[in-house]
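Reviewing the structure listed below.
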Amino acid sequence: MIKLNKCYLKLTAIFFSLMLISSHANAQFFKRLFGKNKQPTEQAAKPKAKTYESVINKTFSSYNGLFTVHKNKDTVYFEIPDSILNRDIMMINRLSQSSYGTKAYAGEELDDKTIQFTTGPDSTLRIIYNLVASEADSSSNVYRSVERSNRNPVAYVFPIVILGKHGSSYVIDVTKLFTATSFLNAINPQSTAAKTIDEPKDFKIAYIHAYPSNVEIGVDQNVNVKGTPDISQGSIQTNASFIMLPRVAMQRRYADDRIGYFT
């Protein structure tokens, strides 16, 4: 009887020992599962927000006017103030210089557009073309239909790199406008110059002039020359003018080839 009790006591001790080990293992498991007793990990350092001075540093030349142009070598930023958002701006591209054989002459208009700078819903700034192809009286029953069928196209979308010093302007990187064909150097297919020159390339900013109501940017470029047997390559310089239009629009006229330059 005594021997049986001793065996029983040994078995009982072993059983409770196994229970304790099991319960401890289970506790550790649940702590790991639910995050208790987790060792604190070192948090990743958050990237510092860009400052105005870190983007527009001393290497940039700045031209202040209707909007500010910042340039450093081939990098160009526009700083667009709140005051000109959603305002009509006439963009006129003219030929300011041309080489022999192009049969195009300084002062000739190459293209024109009415643009607006607008903010997008996702921290972007957009350039849209304000086209007036069709219009209806706002009191007319067809007004909404005409509006929906004549939406102004978005020409370019730029991420906002940084806000201005006072938070009332937006800095965008517009370098791509000067490294390829864009509305800044476009040649309208219907213009006289389009008959003799095409495929502009090798773009280089020649000058930037900024004034309170307009900004002027000159762009040098090489072109192919058409219709001249002894000349196949030429060089031109175009002048892109950004001109602020009145807040209250002037009276519109019906398009008439006999008057004016713009329809």
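We name chains A, B, ... following the order of the structure tokens; residues begin at 1 in each chain, and ligands are numbered from 1 as shown.
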Original post:
Excluding same-chain residues fewer than 4 positions from Ser191 in chain A, what lies within 9 Å of it counting only C-alpha atoms, as a list in words?
Top reply: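 Near Ser191 in chain A, the qualifying residues are Glu108, Glu109, Leu110, Asp111, Ile187 and Lys195 of chain A.
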Write out as a CSV table (one decimal) with all heavy atoms, in the first residue's frame the residues lying within 8 Å of Lys201 in chain A, counting only C-alpha atoms and excluding same-chain residues fewer than 3 positions away.
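Contents of out-v1.csv, freshly written:
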chain,number,residue,atom,x,y,z
A,180,ALA,N,11.5,69.3,-74.6
A,180,ALA,CA,10.8,68.6,-75.7
A,180,ALA,C,9.8,69.6,-76.2
A,180,ALA,O,9.6,70.7,-75.7
A,180,ALA,CB,10.1,67.4,-75.1
A,181,THR,N,9.1,69.2,-77.3
A,181,THR,CA,8.1,70.1,-77.9
A,181,THR,C,6.9,70.2,-76.9
A,181,THR,O,6.4,69.2,-76.4
A,181,THR,CB,7.6,69.5,-79.2
A,181,THR,OG1,8.7,69.4,-80.1
A,181,THR,CG2,6.5,70.4,-79.8
A,221,GLN,N,16.4,76.4,-80.6
A,221,GLN,CA,16.2,75.1,-81.0
A,221,GLN,C,16.6,74.9,-82.5
A,221,GLN,O,16.7,75.8,-83.2
A,221,GLN,CB,14.7,74.7,-80.9
A,221,GLN,CG,13.8,75.7,-81.5
A,221,GLN,CD,12.4,75.7,-80.9
A,221,GLN,OE1,11.6,74.9,-81.2
A,221,GLN,NE2,12.1,76.7,-80.1
A,222,ASN,N,17.0,73.7,-82.8
A,222,ASN,CA,17.3,73.3,-84.2
A,222,ASN,C,16.1,72.6,-84.8
A,222,ASN,O,15.3,72.0,-84.2
A,222,ASN,CB,18.5,72.4,-84.2
A,222,ASN,CG,19.8,73.0,-83.7
A,222,ASN,OD1,20.0,74.2,-83.9
A,222,ASN,ND2,20.6,72.3,-83.0
A,223,VAL,N,16.0,72.8,-86.1
A,223,VAL,CA,14.8,72.3,-86.8
A,223,VAL,C,15.2,71.7,-88.2
A,223,VAL,O,16.3,72.0,-88.7
A,223,VAL,CB,13.8,73.5,-87.1
A,223,VAL,CG1,13.2,74.0,-85.8
A,223,VAL,CG2,14.4,74.6,-87.9
Subject >> Point-to-point distance from CA of Asp112 in chain A to CA of Asn93 in chain A, Å rounded to tenths >> reply: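 CA of Asn93 in chain A lies 6.0 Å from CA of Asp112 in chain A.
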Can you pull out every residue within 7 Å of range 202-209 of chain A, counting only C-alpha atoms, but drop anything in the same chain fewer than 3 positions away, and send it as a PDB file with N, CA and C atoms, in the first residue's frame?
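Result went into around.pdb, see below:
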ATOM      1  N   TYR A  63      13.583  85.058 -61.308  1.00  0.00           N
ATOM      2  CA  TYR A  63      13.040  86.163 -62.093  1.00  0.00           C
ATOM      3  C   TYR A  63      11.603  86.386 -61.621  1.00  0.00           C
ATOM      4  N   PHE A 178      10.747  72.438 -71.375  1.00  0.00           N
ATOM      5  CA  PHE A 178      11.848  73.036 -72.127  1.00  0.00           C
ATOM      6  C   PHE A 178      12.796  72.009 -72.733  1.00  0.00           C
ATOM      7  N   THR A 179      12.517  70.747 -72.546  1.00  0.00           N
ATOM      8  CA  THR A 179      13.397  69.704 -73.082  1.00  0.00           C
ATOM      9  C   THR A 179      12.729  68.907 -74.202  1.00  0.00           C
ATOM     10  N   ALA A 180      11.533  69.301 -74.584  1.00  0.00           N
ATOM     11  CA  ALA A 180      10.803  68.630 -75.663  1.00  0.00           C
ATOM     12  C   ALA A 180       9.782  69.614 -76.223  1.00  0.00           C
ATOM     13  N   VAL A 215       5.383  87.401 -68.635  1.00  0.00           N
ATOM     14  CA  VAL A 215       6.674  86.717 -68.542  1.00  0.00           C
ATOM     15  C   VAL A 215       7.084  86.322 -69.952  1.00  0.00           C
ATOM     16  N   GLU A 216       8.347  86.573 -70.306  1.00  0.00           N
ATOM     17  CA  GLU A 216       8.857  86.270 -71.642  1.00  0.00           C
ATOM     18  C   GLU A 216      10.008  85.270 -71.523  1.00  0.00           C
ATOM     19  N   ILE A 217       9.927  84.179 -72.281  1.00  0.00           N
ATOM     20  CA  ILE A 217      10.968  83.155 -72.236  1.00  0.00           C
ATOM     21  C   ILE A 217      11.401  82.829 -73.664  1.00  0.00           C
ATOM     22  N   GLY A 218      12.686  82.972 -73.923  1.00  0.00           N
ATOM     23  CA  GLY A 218      13.228  82.656 -75.241  1.00  0.00           C
ATOM     24  C   GLY A 218      13.828  81.258 -75.254  1.00  0.00           C
ATOM     25  N   VAL A 219      13.579  80.515 -76.323  1.00  0.00           N
ATOM     26  CA  VAL A 219      14.061  79.137 -76.437  1.00  0.00           C
ATOM     27  C   VAL A 219      14.767  78.953 -77.774  1.00  0.00           C
ATOM     28  N   ASP A 220      16.041  78.555 -77.734  1.00  0.00           N
ATOM     29  CA  ASP A 220      16.786  78.207 -78.950  1.00  0.00           C
ATOM     30  C   ASP A 220      16.513  76.747 -79.290  1.00  0.00           C
ATOM     31  N   GLN A 221      16.445  76.441 -80.586  1.00  0.00           N
ATOM     32  CA  GLN A 221      16.198  75.062 -81.015  1.00  0.00           C
ATOM     33  C   GLN A 221      16.639  74.873 -82.461  1.00  0.00           C
ATOM     34  N   ASN A 222      16.962  73.652 -82.787  1.00  0.00           N
ATOM     35  CA  ASN A 222      17.301  73.299 -84.159  1.00  0.00           C
ATOM     36  C   ASN A 222      16.092  72.642 -84.817  1.00  0.00           C
TER      37      ASN A 222
END
Original post:
Of the candidates A:Asp122, A:Asp173, A:Thr59, A:Ile127, which one gets nearest to Asn86 in chain A if we count only C-alpha atoms?
Top reply: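 Under the stated criterion, the closest residue is A:Ile127.
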Could you name the residues that touch Asn57 in chain A at 12 Å or less, counting only C-alpha atoms, but leaving out those on the same chain fewer than 5 positions away, as a PDB file with C-alpha atoms, in the first residue's frame?
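Result saved to out_21.pdb:
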ATOM      1  CA  LYS A  50      11.495  69.874 -47.753  1.00  0.00           C
ATOM      2  CA  THR A  51      12.035  73.516 -47.018  1.00  0.00           C
ATOM      3  CA  TYR A  52      11.837  76.311 -49.548  1.00  0.00           C
ATOM      4  CA  SER A  62      15.122  83.913 -59.853  1.00  0.00           C
ATOM      5  CA  HIS A  70      13.692  79.880 -60.970  1.00  0.00           C
ATOM      6  CA  LYS A  71      16.477  78.512 -63.176  1.00  0.00           C
ATOM      7  CA  ASN A  72      19.654  76.562 -62.458  1.00  0.00           C
ATOM      8  CA  TYR A  77      10.796  75.876 -61.626  1.00  0.00           C
TER       9      TYR A  77
END
Original post:
DSSP says alpha helix (DSSP H) for which residues of range 116-262 of chain A? Put them as a list in words?
Top reply: Tyr143, Arg144, Ser145, Val146, Glu147 and Arg148 of chain A
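Between Thr238 in chain A and the candidates A:Arg94, A:Lys103, A:Lys113, A:Arg151, the tightest atom-to-atom separation, counting only C-alpha atoms, involves A:Arg94.
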Original post:
Just how far from CA of Lys58 in chain A is CA of Tyr170 in chain A, in Å to one decimal?
Top reply: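 Distance between the two atoms: 18.8 Å.
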If you run DSSP on this backbone, which residues of range 97-242 of chain A come out as strand (DSSP E), and could you give them as a PDB file with C-alpha atoms, in the first residue's frame?
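out.pdb, written as the output of this step:
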ATOM      1  CA  GLN A  97      15.198  84.672 -84.773  1.00  0.00           C
ATOM      2  CA  SER A  98      15.625  82.317 -87.724  1.00  0.00           C
ATOM      3  CA  GLU A 109       3.342  84.092 -84.804  1.00  0.00           C
ATOM      4  CA  LEU A 110       3.752  80.337 -84.398  1.00  0.00           C
ATOM      5  CA  ASP A 111       0.931  79.480 -82.001  1.00  0.00           C
ATOM      6  CA  ASP A 112      -1.353  80.941 -79.345  1.00  0.00           C
ATOM      7  CA  LYS A 113      -3.441  79.507 -76.534  1.00  0.00           C
ATOM      8  CA  THR A 114      -5.383  80.719 -73.536  1.00  0.00           C
ATOM      9  CA  ILE A 115      -4.270  78.787 -70.462  1.00  0.00           C
ATOM     10  CA  GLN A 116      -5.127  78.609 -66.766  1.00  0.00           C
ATOM     11  CA  PHE A 117      -3.134  77.371 -63.795  1.00  0.00           C
ATOM     12  CA  THR A 118      -5.392  75.340 -61.501  1.00  0.00           C
ATOM     13  CA  THR A 119      -4.778  73.174 -58.441  1.00  0.00           C
ATOM     14  CA  THR A 124      -0.789  68.772 -58.125  1.00  0.00           C
ATOM     15  CA  LEU A 125      -0.941  71.919 -60.200  1.00  0.00           C
ATOM     16  CA  ARG A 126      -2.385  71.688 -63.691  1.00  0.00           C
ATOM     17  CA  ILE A 127      -2.227  73.742 -66.857  1.00  0.00           C
ATOM     18  CA  ILE A 128      -5.491  73.645 -68.774  1.00  0.00           C
ATOM     19  CA  TYR A 129      -6.398  75.106 -72.136  1.00  0.00           C
ATOM     20  CA  VAL A 154      -5.851  69.347 -69.062  1.00  0.00           C
ATOM     21  CA  ALA A 155      -2.589  69.875 -70.929  1.00  0.00           C
ATOM     22  CA  TYR A 156      -0.058  69.201 -68.158  1.00  0.00           C
ATOM     23  CA  VAL A 157      -0.050  67.958 -64.569  1.00  0.00           C
ATOM     24  CA  PHE A 158       2.825  68.852 -62.227  1.00  0.00           C
ATOM     25  CA  PRO A 159       3.394  67.602 -58.669  1.00  0.00           C
ATOM     26  CA  ILE A 160       3.689  70.518 -56.232  1.00  0.00           C
ATOM     27  CA  VAL A 161       7.319  70.338 -55.097  1.00  0.00           C
ATOM     28  CA  ILE A 162       7.018  72.826 -52.229  1.00  0.00           C
ATOM     29  CA  LEU A 163       4.880  75.747 -51.126  1.00  0.00           C
ATOM     30  CA  SER A 169       2.321  80.108 -53.968  1.00  0.00           C
ATOM     31  CA  TYR A 170       3.155  76.732 -55.488  1.00  0.00           C
ATOM     32  CA  VAL A 171       6.541  75.638 -56.821  1.00  0.00           C
ATOM     33  CA  ILE A 172       6.462  73.141 -59.690  1.00  0.00           C
ATOM     34  CA  ASP A 173       9.233  71.594 -61.792  1.00  0.00           C
ATOM     35  CA  ILE A 197      10.214  74.068 -90.596  1.00  0.00           C
ATOM     36  CA  ASP A 198       9.356  71.093 -88.402  1.00  0.00           C
ATOM     37  CA  GLU A 199      10.723  68.613 -85.850  1.00  0.00           C
ATOM     38  CA  PRO A 200      12.259  71.082 -83.374  1.00  0.00           C
ATOM     39  CA  LYS A 201      14.941  69.584 -81.122  1.00  0.00           C
ATOM     40  CA  ASP A 202      18.037  70.483 -79.046  1.00  0.00           C
ATOM     41  CA  PHE A 203      16.118  72.955 -76.899  1.00  0.00           C
ATOM     42  CA  LYS A 204      17.990  75.521 -74.805  1.00  0.00           C
ATOM     43  CA  ILE A 205      16.670  78.482 -72.824  1.00  0.00           C
ATOM     44  CA  ALA A 206      18.108  81.695 -74.281  1.00  0.00           C
ATOM     45  CA  TYR A 207      16.648  84.234 -71.828  1.00  0.00           C
ATOM     46  CA  ILE A 208      13.979  84.857 -69.210  1.00  0.00           C
ATOM     47  CA  HIS A 209      12.334  88.250 -68.624  1.00  0.00           C
ATOM     48  CA  ALA A 210       9.647  88.687 -65.958  1.00  0.00           C
ATOM     49  CA  ASN A 214       3.764  89.178 -68.370  1.00  0.00           C
ATOM     50  CA  VAL A 215       6.674  86.717 -68.542  1.00  0.00           C
ATOM     51  CA  GLU A 216       8.857  86.270 -71.642  1.00  0.00           C
ATOM     52  CA  ILE A 217      10.968  83.155 -72.236  1.00  0.00           C
ATOM     53  CA  GLY A 218      13.228  82.656 -75.241  1.00  0.00           C
ATOM     54  CA  VAL A 219      14.061  79.137 -76.437  1.00  0.00           C
ATOM     55  CA  ASP A 220      16.786  78.207 -78.950  1.00  0.00           C
ATOM     56  CA  GLN A 221      16.198  75.062 -81.015  1.00  0.00           C
ATOM     57  CA  ASN A 222      17.301  73.299 -84.159  1.00  0.00           C
ATOM     58  CA  VAL A 223      14.782  72.328 -86.843  1.00  0.00           C
ATOM     59  CA  ASN A 224      14.468  70.472 -90.110  1.00  0.00           C
ATOM     60  CA  VAL A 225      14.015  72.704 -93.132  1.00  0.00           C
ATOM     61  CA  GLN A 233      18.897  71.958 -91.138  1.00  0.00           C
ATOM     62  CA  GLY A 234      18.211  75.301 -89.527  1.00  0.00           C
ATOM     63  CA  SER A 235      18.156  77.071 -86.173  1.00  0.00           C
ATOM     64  CA  ILE A 236      15.450  79.271 -84.730  1.00  0.00           C
ATOM     65  CA  GLN A 237      14.692  81.109 -81.520  1.00  0.00           C
ATOM     66  CA  THR A 238      11.135  81.356 -80.266  1.00  0.00           C
ATOM     67  CA  ASN A 239       9.668  83.729 -77.699  1.00  0.00           C
ATOM     68  CA  ALA A 240       6.933  82.450 -75.399  1.00  0.00           C
ATOM     69  CA  SER A 241       4.846  85.270 -73.890  1.00  0.00           C
ATOM     70  CA  PHE A 242       2.596  84.723 -70.875  1.00  0.00           C
TER      71      PHE A 242
END
Original post:
CA of Asn64 in chain A and CA of Met250 in chain A, how far apart in Å?
Top reply: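 Between CA of Met250 in chain A and CA of Asn64 in chain A the gap is 27.0 Å.
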Original post:
Which of these, A:Ile80, A:Ala193, A:Val142, A:Leu245, has the shortest distance to Ala106 in chain A once you count only C-alpha atoms?
Top reply: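 Checking each of A:Ile80, A:Ala193, A:Val142, A:Leu245 against Ala106 in chain A, counting only C-alpha atoms, the winner is A:Ala193.
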